[in-house]
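K.L.:
What follows is target.csv, CSV, C-alpha atoms.
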```csv
chain,number,residue,atom,x,y,z
U,1,MET,CA,12.4,-10.0,11.3
U,2,THR,CA,15.3,-7.5,11.5
U,3,ILE,CA,15.3,-3.7,11.6
U,4,THR,CA,17.9,-1.3,10.3
U,5,LYS,CA,21.1,-2.0,12.3
U,6,ASN,CA,23.1,1.2,11.7
U,7,SER,CA,22.4,3.4,14.7
U,8,GLU,CA,22.8,6.7,12.9
U,9,THR,CA,20.5,5.6,10.1
U,10,SER,CA,17.9,4.4,12.6
U,11,ARG,CA,18.1,7.7,14.6
U,12,VAL,CA,17.6,9.8,11.5
U,13,THR,CA,14.9,7.6,10.0
U,14,PHE,CA,12.8,7.7,13.1
U,15,GLU,CA,13.0,11.5,13.5
U,16,PRO,CA,9.5,12.9,13.3
U,17,ALA,CA,10.8,15.8,11.2
U,18,VAL,CA,12.3,13.4,8.7
U,19,ILE,CA,9.0,11.4,8.5
U,20,MET,CA,6.8,14.4,8.2
U,21,GLY,CA,9.1,16.1,5.7
U,22,ALA,CA,9.1,13.1,3.4
U,23,LEU,CA,5.3,12.5,3.5
U,24,TYR,CA,4.2,16.1,3.4
U,25,GLY,CA,6.9,16.9,0.8
U,26,PRO,CA,7.6,14.2,-1.8
U,27,GLY,CA,4.7,12.1,-0.5
U,28,ILE,CA,6.8,8.9,-0.2
U,29,HIS,CA,9.3,7.6,2.3
U,30,GLY,CA,11.2,4.3,2.8
U,31,LEU,CA,13.4,2.1,5.0
U,32,LYS,CA,15.9,-0.2,3.4
U,33,GLY,CA,16.5,-3.6,4.9
U,34,ALA,CA,13.6,-3.4,7.3
U,35,PHE,CA,13.1,-7.2,7.0
U,36,ASP,CA,15.5,-10.0,6.3
U,37,ARG,CA,15.3,-11.8,3.0
U,38,LYS,CA,14.1,-15.1,4.5
U,39,TRP,CA,11.1,-13.3,6.0
U,40,VAL,CA,10.3,-11.8,2.5
U,41,GLU,CA,10.8,-15.2,0.8
U,42,GLU,CA,8.2,-16.7,3.1
U,43,LEU,CA,5.8,-13.8,2.3
U,44,ALA,CA,6.4,-14.4,-1.4
U,45,LYS,CA,5.4,-18.1,-1.1
U,46,GLU,CA,2.2,-17.2,0.8
U,47,ILE,CA,1.2,-14.5,-1.7
U,48,ASP,CA,1.8,-16.9,-4.6
U,49,VAL,CA,-0.6,-19.4,-3.1
U,50,LEU,CA,-3.2,-16.7,-2.2
U,51,TYR,CA,-3.0,-15.3,-5.7
U,52,LYS,CA,-3.6,-18.6,-7.4
U,53,ASP,CA,-6.5,-19.2,-5.2
U,54,ALA,CA,-8.0,-15.7,-5.8
U,55,LEU,CA,-7.8,-16.2,-9.6
U,56,GLN,CA,-10.0,-19.2,-9.2
U,57,ARG,CA,-12.8,-17.4,-7.4
U,58,PRO,CA,-15.2,-15.0,-9.1
U,59,GLY,CA,-14.2,-11.6,-8.0
U,60,GLY,CA,-11.3,-12.9,-6.0
U,61,ALA,CA,-8.7,-10.8,-7.9
U,62,VAL,CA,-9.7,-7.3,-9.0
U,63,GLY,CA,-8.4,-6.0,-12.3
U,64,ARG,CA,-6.1,-3.0,-12.2
U,65,GLY,CA,-5.3,-3.0,-15.9
U,66,PRO,CA,-4.2,-5.7,-18.4
U,67,LYS,CA,-2.2,-8.5,-16.7
U,68,ARG,CA,-2.5,-6.7,-13.3
U,69,HIS,CA,-4.5,-7.6,-10.2
U,70,TYR,CA,-5.2,-6.5,-6.7
U,71,VAL,CA,-6.3,-9.1,-4.0
U,72,GLU,CA,-7.5,-8.1,-0.6
U,73,ILE,CA,-6.6,-10.7,2.1
U,74,HIS,CA,-7.1,-11.6,5.7
U,75,PRO,CA,-4.3,-10.6,8.2
U,76,GLU,CA,-3.9,-14.3,9.3
U,77,ASP,CA,-3.4,-15.3,5.7
U,78,ILE,CA,0.2,-14.3,6.0
U,79,SER,CA,2.5,-15.5,8.8
U,80,GLY,CA,4.4,-12.2,9.1
U,81,PHE,CA,1.4,-9.9,9.7
U,82,VAL,CA,2.3,-9.2,13.3
U,83,ASP,CA,5.9,-8.6,12.4
U,84,LEU,CA,4.8,-6.1,9.8
U,85,VAL,CA,2.4,-4.0,11.9
U,86,THR,CA,4.5,-4.0,15.0
U,87,HIS,CA,7.7,-3.0,13.2
U,88,PRO,CA,9.1,0.0,15.1
U,89,TRP,CA,9.5,2.1,11.9
U,90,VAL,CA,5.9,1.3,10.8
U,91,LYS,CA,4.6,2.3,14.2
U,92,ALA,CA,6.7,5.4,14.3
U,93,VAL,CA,5.5,6.5,10.8
U,94,CYS,CA,1.8,5.9,11.7
U,95,GLU,CA,2.0,7.7,15.1
U,96,THR,CA,3.9,10.7,13.6
U,97,VAL,CA,1.6,11.3,10.6
U,98,LEU,CA,-1.7,9.8,11.7
U,99,GLY,CA,-1.6,10.2,15.4
U,100,PRO,CA,-1.5,7.7,18.3
U,101,GLU,CA,-5.0,6.4,17.5
U,102,TYR,CA,-4.3,5.3,14.0
U,103,LYS,CA,-6.2,2.3,12.6
U,104,ILE,CA,-5.1,-0.5,10.3
U,105,VAL,CA,-7.9,-0.9,7.7
U,106,GLU,CA,-6.6,-2.9,4.8
U,107,ILE,CA,-4.1,-5.6,3.8
U,108,GLY,CA,-3.7,-7.0,0.3
U,109,PHE,CA,-1.3,-7.3,-2.6
U,110,ASP,CA,-0.8,-6.0,-6.1
U,111,VAL,CA,0.6,-8.3,-8.9
U,112,PRO,CA,1.8,-6.7,-12.1
U,113,ASN,CA,2.4,-9.7,-14.4
U,114,PRO,CA,4.5,-9.9,-17.6
U,115,GLY,CA,2.6,-7.9,-20.2
U,116,ALA,CA,1.2,-5.3,-17.8
U,117,VAL,CA,1.1,-1.9,-19.4
U,118,ASN,CA,1.4,1.7,-18.2
U,119,GLN,CA,-1.5,2.6,-15.9
U,120,PRO,CA,-3.0,6.1,-16.3
U,121,TRP,CA,-1.6,8.5,-13.9
U,122,HIS,CA,-4.0,8.5,-10.8
U,123,ARG,CA,-4.5,8.7,-7.1
U,124,ASP,CA,-6.2,5.8,-5.3
U,125,PHE,CA,-9.2,7.7,-4.1
U,126,PRO,CA,-10.6,11.3,-4.2
U,127,ALA,CA,-8.8,13.7,-1.8
U,128,PRO,CA,-10.7,14.0,1.4
U,129,GLU,CA,-11.7,17.3,3.0
U,130,ASP,CA,-9.0,16.9,5.6
U,131,THR,CA,-6.4,17.2,2.8
U,132,VAL,CA,-8.2,19.6,0.5
U,133,LYS,CA,-9.1,22.2,3.2
U,134,GLY,CA,-7.1,21.1,6.2
U,135,ARG,CA,-3.8,20.3,4.4
U,136,ARG,CA,-3.6,17.2,6.5
U,137,LEU,CA,-2.8,13.6,5.4
U,138,ASN,CA,-5.2,11.2,7.1
U,139,SER,CA,-4.2,7.9,5.5
U,140,LEU,CA,-1.1,6.0,4.4
U,141,ALA,CA,-0.2,3.0,2.3
U,142,PHE,CA,2.8,0.8,3.1
U,143,ASN,CA,4.3,-1.3,0.4
U,144,ILE,CA,6.7,-4.3,0.6
U,145,THR,CA,8.1,-5.9,-2.6
U,146,THR,CA,8.5,-9.6,-2.6
U,147,VAL,CA,11.1,-9.5,-5.4
U,148,ASP,CA,14.2,-7.4,-6.2
U,149,VAL,CA,12.7,-4.9,-8.7
U,150,GLU,CA,14.5,-4.4,-12.0
U,151,GLU,CA,14.1,-1.8,-14.7
U,152,ASP,CA,12.2,-4.1,-17.0
U,153,MET,CA,9.7,-5.3,-14.4
U,154,GLY,CA,7.3,-2.3,-14.6
U,155,PRO,CA,8.5,-0.3,-11.6
U,156,PHE,CA,6.1,1.8,-9.6
U,157,GLU,CA,6.4,5.4,-10.7
U,158,ILE,CA,5.4,8.4,-8.6
U,159,ALA,CA,5.2,12.2,-9.2
U,160,PRO,CA,6.5,13.7,-5.9
U,161,GLY,CA,4.6,16.5,-4.2
U,162,THR,CA,1.3,15.9,-6.1
U,163,GLN,CA,-0.6,14.7,-3.1
U,164,TRP,CA,-1.6,18.4,-2.7
U,165,ASP,CA,-2.8,18.9,-6.3
U,166,ASP,CA,-6.4,20.0,-6.7
U,167,GLY,CA,-8.2,17.0,-8.1
U,168,SER,CA,-11.7,18.4,-8.2
U,169,GLU,CA,-11.7,18.5,-12.0
U,170,TYR,CA,-10.1,15.0,-12.5
U,171,GLU,CA,-12.2,12.2,-13.8
U,172,SER,CA,-13.8,10.7,-10.7
U,173,GLU,CA,-11.5,13.1,-8.8
U,174,MET,CA,-8.8,10.5,-9.3
U,175,PHE,CA,-7.6,10.6,-12.9
U,176,PRO,CA,-6.0,13.7,-14.3
U,177,GLU,CA,-6.6,14.7,-17.9
U,178,LYS,CA,-3.9,13.8,-20.4
U,179,GLU,CA,-2.9,17.4,-20.8
U,180,LEU,CA,-1.3,17.2,-17.3
U,181,TYR,CA,0.8,14.1,-18.1
U,182,SER,CA,3.9,16.0,-19.2
U,183,ARG,CA,4.1,17.5,-15.8
U,184,TYR,CA,3.9,14.2,-14.0
U,185,GLU,CA,6.5,12.7,-16.5
U,186,ALA,CA,8.9,15.5,-15.7
U,187,LEU,CA,8.5,14.9,-12.0
U,188,ALA,CA,8.4,11.1,-12.2
U,189,GLU,CA,10.6,8.9,-10.1
U,190,GLN,CA,10.7,5.1,-10.6
U,191,LYS,CA,11.2,3.0,-7.5
U,192,MET,CA,13.2,-0.1,-7.6
U,193,PRO,CA,13.2,-1.6,-4.0
U,194,LYS,CA,14.9,-4.8,-3.0
U,195,MET,CA,13.6,-7.6,-0.9
U,196,GLY,CA,13.4,-6.4,2.7
U,197,ASP,CA,12.8,-2.8,1.9
U,198,ILE,CA,9.5,-1.1,2.9
U,199,SER,CA,8.0,2.2,1.7
U,200,VAL,CA,5.1,4.3,2.7
U,201,ARG,CA,3.2,6.9,0.7
U,202,SER,CA,0.2,9.0,0.5
U,203,ALA,CA,-2.2,7.3,-1.9
U,204,LEU,CA,-3.1,10.8,-3.1
U,205,THR,CA,0.3,11.3,-4.6
U,206,ILE,CA,-0.1,10.9,-8.4
U,207,HIS,CA,1.4,7.6,-9.5
U,208,ARG,CA,1.2,4.7,-11.8
U,209,GLY,CA,2.4,1.2,-12.5
U,210,THR,CA,4.6,1.0,-15.6
U,211,THR,CA,5.0,-1.6,-18.4
U,212,ASN,CA,6.3,-4.9,-17.3
U,213,ASN,CA,8.6,-6.0,-20.2
U,214,SER,CA,10.1,-8.9,-18.3
U,215,ASN,CA,9.0,-12.5,-17.9
U,216,LYS,CA,8.6,-12.0,-14.1
U,217,SER,CA,5.7,-10.9,-11.9
U,218,ARG,CA,6.3,-8.1,-9.4
U,219,PRO,CA,4.1,-8.8,-6.3
U,220,VAL,CA,3.9,-6.1,-3.6
U,221,LEU,CA,2.1,-6.3,-0.3
U,222,VAL,CA,-0.1,-3.4,0.6
U,223,LEU,CA,-1.0,-2.2,4.1
U,224,GLY,CA,-3.5,0.6,4.5
U,225,VAL,CA,-3.7,2.7,7.7
U,226,ASP,CA,-6.0,5.6,8.6
U,227,ALA,CA,-6.2,8.4,11.1
U,228,PRO,CA,-9.4,8.6,13.1
U,229,GLY,CA,-12.3,9.7,10.9
U,230,ALA,CA,-10.7,8.9,7.6
U,231,ASN,CA,-13.3,6.1,7.0
U,232,ASN,CA,-11.3,4.2,4.4
U,233,HIS,CA,-12.4,1.0,6.2
U,234,GLU,CA,-15.7,1.4,4.4
U,235,ARG,CA,-13.9,0.3,1.2
U,236,HIS,CA,-12.5,-2.8,2.9
U,237,ASP,CA,-13.5,-5.7,5.0
U,238,LEU,CA,-10.7,-6.5,7.5
U,239,GLN,CA,-11.6,-9.7,9.4
U,240,ILE,CA,-9.8,-11.6,12.1
U,241,THR,CA,-10.9,-14.8,13.8
U,242,LYS,CA,-11.5,-14.8,17.6
U,243,LYS,CA,-8.8,-17.4,17.9
U,244,PHE,CA,-6.2,-15.3,16.1
U,245,TYR,CA,-7.3,-12.1,17.8
U,246,GLU,CA,-6.6,-13.7,21.2
U,247,THR,CA,-2.9,-14.2,20.2
U,248,LEU,CA,-2.3,-10.6,19.3
U,249,PRO,CA,-0.3,-8.2,21.4
U,250,GLU,CA,-2.7,-6.1,23.5
U,251,ASP,CA,-1.3,-2.8,22.2
U,252,LEU,CA,-1.9,-3.9,18.6
U,253,LYS,CA,-5.6,-4.7,19.1
U,254,GLY,CA,-6.5,-1.1,19.6
U,255,HIS,CA,-5.1,-0.3,16.2
U,256,LEU,CA,-7.2,-2.7,14.2
U,257,MET,CA,-10.4,-1.6,12.5
U,258,CYS,CA,-11.8,-5.0,11.9
U,259,ARG,CA,-14.6,-7.5,12.4
U,260,ILE,CA,-14.0,-10.3,14.8
U,261,VAL,CA,-15.5,-13.5,13.4
U,262,ASP,CA,-15.8,-17.2,14.2
U,263,GLU,CA,-14.7,-18.1,10.7
U,264,LEU,CA,-13.2,-16.0,8.0
U,265,GLU,CA,-15.6,-15.1,5.2
U,266,VAL,CA,-14.8,-14.5,1.5
U,267,ILE,CA,-14.0,-10.8,1.1
U,268,VAL,CA,-16.2,-8.9,-1.3
U,269,GLN,CA,-13.9,-6.3,-2.7
U,270,GLU,CA,-15.2,-2.8,-2.4
U,271,HIS,CA,-12.2,-0.8,-3.6
U,272,THR,CA,-12.5,-1.3,-7.3
U,273,ILE,CA,-10.9,1.5,-9.5
U,274,GLU,CA,-12.9,1.5,-12.7
U,275,GLY,CA,-10.5,3.8,-14.5
U,276,LEU,CA,-7.6,1.2,-14.2
U,277,LYS,CA,-9.4,-1.8,-15.6
U,278,MET,CA,-8.5,-1.0,-19.2
U,279,GLY,CA,-5.0,0.2,-18.8
U,280,GLU,CA,-3.7,3.5,-20.0
U,281,ALA,CA,-6.5,5.8,-21.0
```
Please go through the file and, once you have read it, give me the structure as structure tokens.
P.N.:
Amino acid sequence: MTITKNSETSRVTFEPAVIMGALYGPGIHGLKGAFDRKWVEELAKEIDVLYKDALQRPGGAVGRGPKRHYVEIHPEDISGFVDLVTHPWVKAVCETVLGPEYKIVEIGFDVPNPGAVNQPWHRDFPAPEDTVKGRRLNSLAFNITTVDVEEDMGPFEIAPGTQWDDGSEYESEMFPEKELYSRYEALAEQKMPKMGDISVRSALTIHRGTTNNSNKSRPVLVLGVDAPGANNHERHDLQITKKFYETLPEDLKGHLMCRIVDELEVIVQEHTIEGLKMGEA
């Protein structure tokens, strides 16, 4: 694992004002070259195996639109889990936005395959009271691409600043009506990260996956983190075996919202998003 080498870039990137400004402003932030390509190549191989396995199990891969799936996994399914969650930038972002008692609640991956279409504009879950009334973000989603994203691969698209939009009238409080699409399209930014880059966003910021016109998949690892009381762990089932838990750094253990088990159990995916299953509405 490597971190950004340029000292000036590192200093600015780790500044609390920069982190807060990005996530409370546009709703997305990133760090280029957070990991070396060999680390990402190994992650890509592991995700490929996990994805093939999930497709063979009933309910193993949850549909997020045509030719698009989400798979929740166990932390020890990937060799780089500890590298990821102890990365100085990841820790700095979590502590700055969510506070020192943040909890890791989810790890999984999205795979938009060739033929995936535009998703409807959406947020990943209804805005909590902390955000609606308190104007506070209480959860974050980190993303790591396992490929160099190109324009024809269905890049992730986000409408900056929309994490603060009132979603009370949205379908399921997640899906804005089509009359609002022109606004999101005017704001939209497509993200084309390279292997080694990492980003973090509020899952409330309106976003969508776009059409994959290429012959390549675009897998992306997802790490979900909560502030105390956010309760997104109720949508997930983070499990760690006792054997693996004993190998973890002591300061990491307190940041895991998980079950300690003798043997890993098949995950029953709780975070289905019905409005995404059929593609663009």
K.L.:
Name the residues, using the chain letters and numbers of the file, that sit within 12 Å of (5.8, 13.4, -16.7) when counting all atoms listed in the file, and give them as a ChimeraX atom specification.
P.N.:
/U:120-121,157-160,162,178-190,206-208
K.L.:
Which one is closest to Gly108 of chain U: U:Gly80, U:Gly224, U:Pro176, U:Pro126? Count all atoms listed in the file.
P.N.:
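With all atoms listed in the file as the atom set, the closest residue is U:Gly224.
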K.L.:
Between U:Gly161, U:Val117, U:Val200, U:Glu177, which one has atoms that come closest to Ser214 of chain U, using only C-alpha atoms?
P.N.:
U:Val117
K.L.:
Tell me which of U:Gly27, U:Leu140, U:Glu15, U:Gly65 sits closest to Asp165 of chain U, counting all atoms listed in the file.
P.N.:
U:Gly27
K.L.:
Compare U:Lys103, U:Lys191, U:Lys45, U:His87 by their minimum atom-to-atom distance to Glu151 of chain U, counting all atoms listed in the file, and give me the closest one.
P.N.:
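Among the listed residues, the smallest separation from Glu151 of chain U belongs to U:Lys191.
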